[in-house]
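Notes follow once the structure below has been shown.
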Number of protein chains: 2
Amino acid sequence: MKKINLKAFKTANHRILRDINELIVLNVIREQQPVSRVAIAEITGLEEGTVSRIIQRFFRRGLVYEAGVGTSTPAGGRKPRYLHINPTKSCAIGVDIGAIETLLALSDLNGHLHQLKKIPNTKDPRKFLATLADEILSLVRLANPYNELGGIGVSLIGLIDAEEGIILEGENLGWGSYIEVGKILKSKIKQDIPLYFENGARLSALGEIWFGSTHLSGFRNVVFVDINEGVGSGIIINGQIYNGSRNGAGEFGHICIDPAGPKCSCGKYGCLEAFASDLATVDRYREKTKIKPSSSVSQNTKIDMSTIVELAREGHAHALEAIKETARYLGFGLAPIIYGLNPEAIVIGGKIAEAWPLVEREILDSCGQRVSPLFLESTKIFPSTLHVRPCLMGAIALVLAQRFAAPEIV
Amino acid sequence: MKKINLKAFKTANHRILRDINELIVLNVIREQQPVSRVAIAEITGLEEGTVSRIIQRFFRRGLVYEAGVGTSTPAGGRKPRYLHINPTKSCAIGVDIGAIETLLALSDLNGHLHQLKKIPNTKDPRKFLATLADEILSLVRLANPYNELGGIGVSLIGLIDAEEGIILEGENLGWGSYIEVGKILKSKIKQDIPLYFENGARLSALGEIWFGSTHLSGFRNVVFVDINEGVGSGIIINGQIYNGSRNGAGEFGHICIDPAGPKCSCGKYGCLEAFASDLATVDRYREKTKIKPSSSVSQNTKIDMSTIVELAREGHAHALEAIKETARYLGFGLAPIIYGLNPEAIVIGGKIAEAWPLVEREILDSCGQRVSPLFLESTKIFPSTLHVRPCLMGAIALVLAQRFAAPEIV
DNA sequence: AGAAGTTACTTGTCAATCGAAAATAACCTA
DNA sequence: TAGGTTATTTTCGATTGACAAGTAACTTCT
């Protein structure tokens with residue numbers, strides 16, 4: 001026999017047939033709730049009887065409940081009975097291990113947060129992860145009244161092994177390299193709760209498409225660009241995280257936007273990150289205030305990106321200049337994304353996104369210098385629309401996706 | 001009812017259940033032939049009885065035939081009976097409307113070309129398309145002995161509307177704008193044969209993944225970069241053409257590789273295309289020979305890319321320099337593709353690919369100047385492995401994909 | 001040559017599920 | 001309250017794959 005190229009063939013049988021339809025119906029309920037059975041039948045193309053049976057199965061499992069009725073048509077007739085996802089049937093825990101602090105939350109099936117905790121990072125990763133495990137366990141206990149805990153989604157930064165939950169390179173956390181987060185957490189939690197790991201920027205993208213305005217617009221191809229100490233990004237193609245051949249997709253932070261530019265931490269010259277990361281902005285601001293030491297904020301003050309954004313909003317000229325300059329470079333960096341992937345939307349995250357009204361014009365203008373108008377208008381560019389950190393929402397979506405995702409066919 | 005976000009829900013019923021399995025089995029036969037029933041059962045996970053029944057249906061439809069037997073296992077036992085796709089059951093016509101000439105071919109289900117014709121383009125698109133329609137019709141007549149003609153796949157260049165088969169901007173064909181190729185061909189052909197259109201670079205990518213060595217390697221994410229008068233590219237993600245939000249994905253030709261670079265035809269500065277297109281290479285070569293008019297080839301001679309590649313292969317210094325320089329710029333241009341999409345492979349097409357041994361080193365080296373070694377090794381870079389123009393094979397794949405492609409689920 | 005063992009393929013039966021259509025429920029208007 | 005309308009449920013039949021019990025074809029050993 002010739003070499004078998006074992007793609008994940010998933011052949012269909014009755015169970016899968018049922019699963020496909022149930023999944024579609026469940027997703028329709030999730031996205032359209034409240035919604036009636038006929039409406040589901042109309043949207044999905046399933047027969048009404050089939051929808052009824054599927055709903056009955058959902059009732060039996062407690063996945064869906066009925067509440068409220070709609071209005072009759074002008075001609076009269078029975079009122080449609082509204083269906084809802086039972087959000088307390090299952091829940092998810094999301095953890096966002098950020099550069100300086102870690103967020104964790106308990107979420108219901110609708111993505112509503114029932115608990116949100118914040119714990120500071122510490123220098124010793126093992127000690128920190130022990131604390132984190134305790135916090136997670138307290139959420140797990142909280143989750144008990146729920147019928148089911150879908151799992152724990154963890155957002156990691158740096159170079160990671162998402163499969164095993166290993167931080168290969170935790171420089172920006174001050175943790176050194178090869179921290180087996182998955183192994184450590186699993187040993188502390190000691191329960192059979194699934195753990196999922198993924199890169200923060202990718203989870204941000206997932207969070208946006210599950211819970212942000214890109215979801216409302218029905219976008220399926222979205223790039224999230226996260227500006228912080230570095231510049232990371234996550235790509236959603238066809239509604240799913242795109243990983244690339246060796247999990248390397250979305251390293252837009254290191255594309256060269258000007259070969260004559262400054263040296264980047266990666267050793268190359270003119271990377272987007274070298275121009276537009278928060279570090280670069282802070283440096284730029286320092287440079288400017290150094291020239292004019294009469295400035296209201298002394299260069300000795302500890303300056304970070306938050307401060308600069310704050311100052312810029314207050315109208316401080318140097319800060320404003322600094323972030324506007326960052327915005328210009330960022331615009332250049334978006335050009336290859338638009339030309340290459342042509343996503344429906346690019347979502348910008350990080351502190352600079354909090355000053356959106358101040359930078360939007362600059363970003364669009366500089367991007368327009370490198371992208372033709374036709375392309376520029378085909379991709380919407382806007383700041384994150386989520387109220388909590390997008391990667392936390394993504395971590396939750398990662399868990400929920402397990403329940404709502406289609407069983408992969410072909 | 002809330003706004004219905006009508007994604008293409010494809011719910012499952014018995015017919016789809018059957019179709020999915022048939023498709024999977026058919027694909028396994030196509031990729032593994034010759035192959036026995038047990039082997040199919042093992043690969044797909046279907047029960048042997050189910051496979052038997054599916055094969056029986058294929059026999060009835062004449063899609064598959066049995067020929068030859070395998071060897072018994074060392075322990076003895078019945079010999080497996082080999083199955084093959086019946087390549088003459090169906091066929092496809094592929095058309096590649098290139099910049100200067102047009103290729104068309106009749107292909108069987110295995111992608112073997114049974115006829116290959118070449119016709120020169122003419123200035124009047126309507127006249128040309130009339131001639132083309134005649135040629136297509138003669139292939140259709142040739143196809144008659146086949147049981148079935150799957151369709152006609154047409155590769156177009158320039159800015160196009162793939163859905164309707166319209167060349168929106170046919171500058172590089174000398175045809176002006178808005179040529180309704182689809183409408184015209186349909187009216188001339190007058191038979192109910194499906195016509196499919198797609199951009200040439202995307203079809204090249206599809207051709208490579210269906211018939212090239214990327215197929216053999218089982219790659220699912222591939223970018224094809226086509227260097228000709230311009231620089232186009234096609235993206236395959238998860239085995240399928242990726243279009244982007246407004247069909248704009250893969251415009252890597254206009255990403256900026258050096259803002260201090262020359263002005264591009266698009267009006268921006270430093271586009272890859274301005275550095276690495278055949279036109280740029282020809283200009284570069286002209287420049288070099290002008291400096292040394294003692295050169296063996298006079299600058300008055302009509303020079304095109306083919307000539308330069310030819311000369312370079314013969315060891316002509318200026319030609320060699322010219323294409324090596326192009327290769328260096330090309331390498332820069334591949335960097336954002338690797339960092340952004342991190343595909344398993346980038347396939348280079350066009351005349352410069354014919355001089356691969358002369359340019360490979362340069363491409364990899366310059367790419368390495370902008371990409372970290374880890375990333376560089378994660379993406380293979382090689383020239384097209386097809387023996388005819390990749391976009392012609394892609395046009396054929398476009399038709400075959402209709403038969404072999406999965407019915408889209410979810 | 002024949003028996004025993006092995007593997008490939010086929011067929012019969014069963015259970016699951018959907019579609020179609022009929023039945024029922026709930027509502028409106030006149 | 002009758003008649004019309006719409007929503008939901010139930011019933012029945014068809015299709016299909018899983019499972020298991022055949023049958024076919026081959027090898028090896030005696």
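Here, A, B, ... name the chains of the structure tokens in the order displayed, residue numbers run from 1 inside each chain, and ligands are numbered from 1 in the same displayed order.
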Write out as an NGL selection string which residues come within 7 Å of segment 103-107 of chain A when counting only C-alpha atoms (C1' of nucleotides), dropping same-chain ones fewer than 3 positions away. :A and (91-97 or 111-119 or 139)
Identical-sequence pair chain A and chain B: C-alpha RMSD when superposed in order: 0.1 Å
Once you count only C-alpha atoms (C1' of nucleotides), what closest atom pair and distance in Å to one decimal does each residue of chain D within 10 Å of chain B have, with rows by chain and rising residue number, as CSV?
```
residue,atom,partner,partner_atom,distance
D:DA14,C1',B:His14,CA,9.5
D:DT15,C1',B:His14,CA,6.1
D:DT16,C1',B:His14,CA,6.5
D:DG17,C1',B:Thr50,CA,6.5
D:DA18,C1',B:Glu47,CA,7.1
D:DC19,C1',B:Glu47,CA,8.9
D:DA24,C1',B:Arg78,CA,7.9
D:DA25,C1',B:Arg78,CA,4.6
D:DC26,C1',B:Arg78,CA,4.2
D:DT27,C1',B:Gly76,CA,4.2
D:DT28,C1',B:Gly76,CA,7.5
```
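Distance criterion 6 Å to chain B, applied with only C-alpha atoms, yields A:Phe9, A:Thr11, A:Ala12, A:Leu17, A:Asn21, A:Thr44, A:Gly244, A:Ser245, A:Gly248, A:Ala249, A:Gly250, A:Glu251, A:Phe252, A:Ile255, A:Asp258, A:Pro336, A:Tyr339, A:Gly340, A:Leu341, A:Asn342, A:Pro343, A:Glu344 on chain A.
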Please produce a file of the residues just selected, as a short mmCIF file (atom, residue, chain, number, x, y, z; two decimals), in the first residue's frame, where the atoms kept are N, CA and C atoms.
```
data_model
loop_
_atom_site.label_atom_id
_atom_site.label_comp_id
_atom_site.auth_asym_id
_atom_site.auth_seq_id
_atom_site.Cartn_x
_atom_site.Cartn_y
_atom_site.Cartn_z
N PHE A 9 -9.82 12.05 8.15
CA PHE A 9 -11.08 11.68 7.53
C PHE A 9 -12.10 11.46 8.62
N THR A 11 -15.64 10.22 8.61
CA THR A 11 -16.78 9.74 7.83
C THR A 11 -18.06 9.94 8.62
N ALA A 12 -19.15 9.87 7.92
CA ALA A 12 -20.42 10.20 8.55
C ALA A 12 -21.20 8.94 8.87
N LEU A 17 -24.53 12.52 11.68
CA LEU A 17 -25.65 13.18 11.02
C LEU A 17 -26.45 13.98 12.05
N ASN A 21 -26.60 18.31 12.74
CA ASN A 21 -27.82 19.09 12.81
C ASN A 21 -28.03 19.71 14.18
N THR A 44 -32.38 27.10 9.01
CA THR A 44 -31.48 25.97 8.76
C THR A 44 -31.88 25.14 7.56
N GLY A 244 -1.11 28.23 10.68
CA GLY A 244 0.05 28.15 9.81
C GLY A 244 0.77 26.83 9.98
N SER A 245 1.87 26.70 9.26
CA SER A 245 2.50 25.38 9.18
C SER A 245 3.11 24.94 10.50
N GLY A 248 3.16 29.26 13.29
CA GLY A 248 3.85 30.54 13.22
C GLY A 248 3.05 31.65 12.56
N ALA A 249 1.81 31.38 12.19
CA ALA A 249 1.05 32.41 11.46
C ALA A 249 0.80 33.63 12.33
N GLY A 250 0.78 34.79 11.69
CA GLY A 250 0.41 36.00 12.40
C GLY A 250 1.55 36.73 13.07
N GLU A 251 2.76 36.48 12.64
CA GLU A 251 3.89 37.22 13.23
C GLU A 251 4.09 38.54 12.50
N PHE A 252 3.01 39.30 12.41
CA PHE A 252 3.11 40.55 11.67
C PHE A 252 4.00 41.57 12.39
N ILE A 255 7.33 41.89 10.41
CA ILE A 255 7.49 42.23 9.01
C ILE A 255 8.18 43.58 8.95
N ASP A 258 10.31 49.21 6.96
CA ASP A 258 11.32 50.11 6.38
C ASP A 258 12.70 49.56 6.70
N PRO A 336 0.48 45.27 4.61
CA PRO A 336 0.65 43.89 4.13
C PRO A 336 -0.47 42.96 4.58
N TYR A 339 -3.28 43.72 2.03
CA TYR A 339 -2.97 43.18 0.70
C TYR A 339 -2.86 41.66 0.71
N GLY A 340 -2.35 41.14 1.79
CA GLY A 340 -2.14 39.70 1.82
C GLY A 340 -3.39 38.93 2.15
N LEU A 341 -4.03 39.27 3.25
CA LEU A 341 -5.16 38.48 3.71
C LEU A 341 -6.50 39.10 3.37
N ASN A 342 -6.49 40.40 3.14
CA ASN A 342 -7.73 41.10 2.82
C ASN A 342 -8.88 40.66 3.73
N PRO A 343 -8.68 40.79 5.04
CA PRO A 343 -9.74 40.36 5.96
C PRO A 343 -10.89 41.37 5.96
N GLU A 344 -12.02 40.95 6.48
CA GLU A 344 -13.13 41.89 6.57
C GLU A 344 -12.83 42.98 7.59
#
```
Taking only C-alpha atoms (C1' of nucleotides) into account, which residues of chain C are within 7 Å of chain B, as JSON, numbers by chain? {"C": [6, 7, 8, 18]}
Any chance you could list, as a PyMOL selection string, the residues in segment 60-190 of chain B that come up alpha helix (DSSP H) when DSSP is run on the backbone? chain B and resi 60-61+125-143+181-189
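For the pair atom CA of Asp108 of chain B and atom CA of Gly349 of chain B, the interatomic distance is 24.3 Å.
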Nearby residues (only C-alpha atoms (C1' of nucleotides)) at most 12 Å from DA21 of chain D, same-chain spacing under 5 positions excluded, as a short mmCIF file (atom, residue, chain, number, x, y, z; two decimals) with N, CA and C atoms (P, O5', C5', C4', C3', O3' and C1' of nucleotides), in the first residue's frame:
```cif
data_model
loop_
_atom_site.label_atom_id
_atom_site.label_comp_id
_atom_site.auth_asym_id
_atom_site.auth_seq_id
_atom_site.Cartn_x
_atom_site.Cartn_y
_atom_site.Cartn_z
N GLY B 49 -18.32 -3.47 5.04
CA GLY B 49 -19.58 -3.64 4.31
C GLY B 49 -20.04 -2.35 3.67
P DT C 10 -17.53 -7.15 -3.03
"O5'" DT C 10 -18.58 -8.01 -2.19
"C5'" DT C 10 -18.71 -9.40 -2.47
"C4'" DT C 10 -19.95 -9.93 -1.79
"C3'" DT C 10 -21.21 -9.09 -1.94
"O3'" DT C 10 -22.25 -9.98 -2.30
"C1'" DT C 10 -20.80 -9.52 0.35
P DT C 11 -23.68 -9.42 -2.69
"O5'" DT C 11 -24.53 -9.81 -1.41
"C5'" DT C 11 -24.42 -11.14 -0.87
"C4'" DT C 11 -25.16 -11.20 0.44
"C3'" DT C 11 -26.51 -10.46 0.48
"O3'" DT C 11 -27.48 -11.36 0.96
"C1'" DT C 11 -25.17 -9.83 2.33
P DG C 12 -29.00 -11.00 1.00
"O5'" DG C 12 -29.26 -10.98 2.57
"C5'" DG C 12 -28.89 -12.11 3.36
"C4'" DG C 12 -29.22 -11.84 4.81
"C3'" DG C 12 -30.57 -11.16 5.06
"O3'" DG C 12 -31.14 -11.70 6.25
"C1'" DG C 12 -28.85 -9.77 5.88
P DT C 13 -32.62 -11.28 6.67
"O5'" DT C 13 -32.31 -10.38 7.95
"C5'" DT C 13 -31.44 -10.89 8.96
"C4'" DT C 13 -31.19 -9.79 9.99
"C3'" DT C 13 -32.43 -8.98 10.37
"O3'" DT C 13 -32.49 -8.93 11.79
"C1'" DT C 13 -30.65 -7.53 9.81
#
```
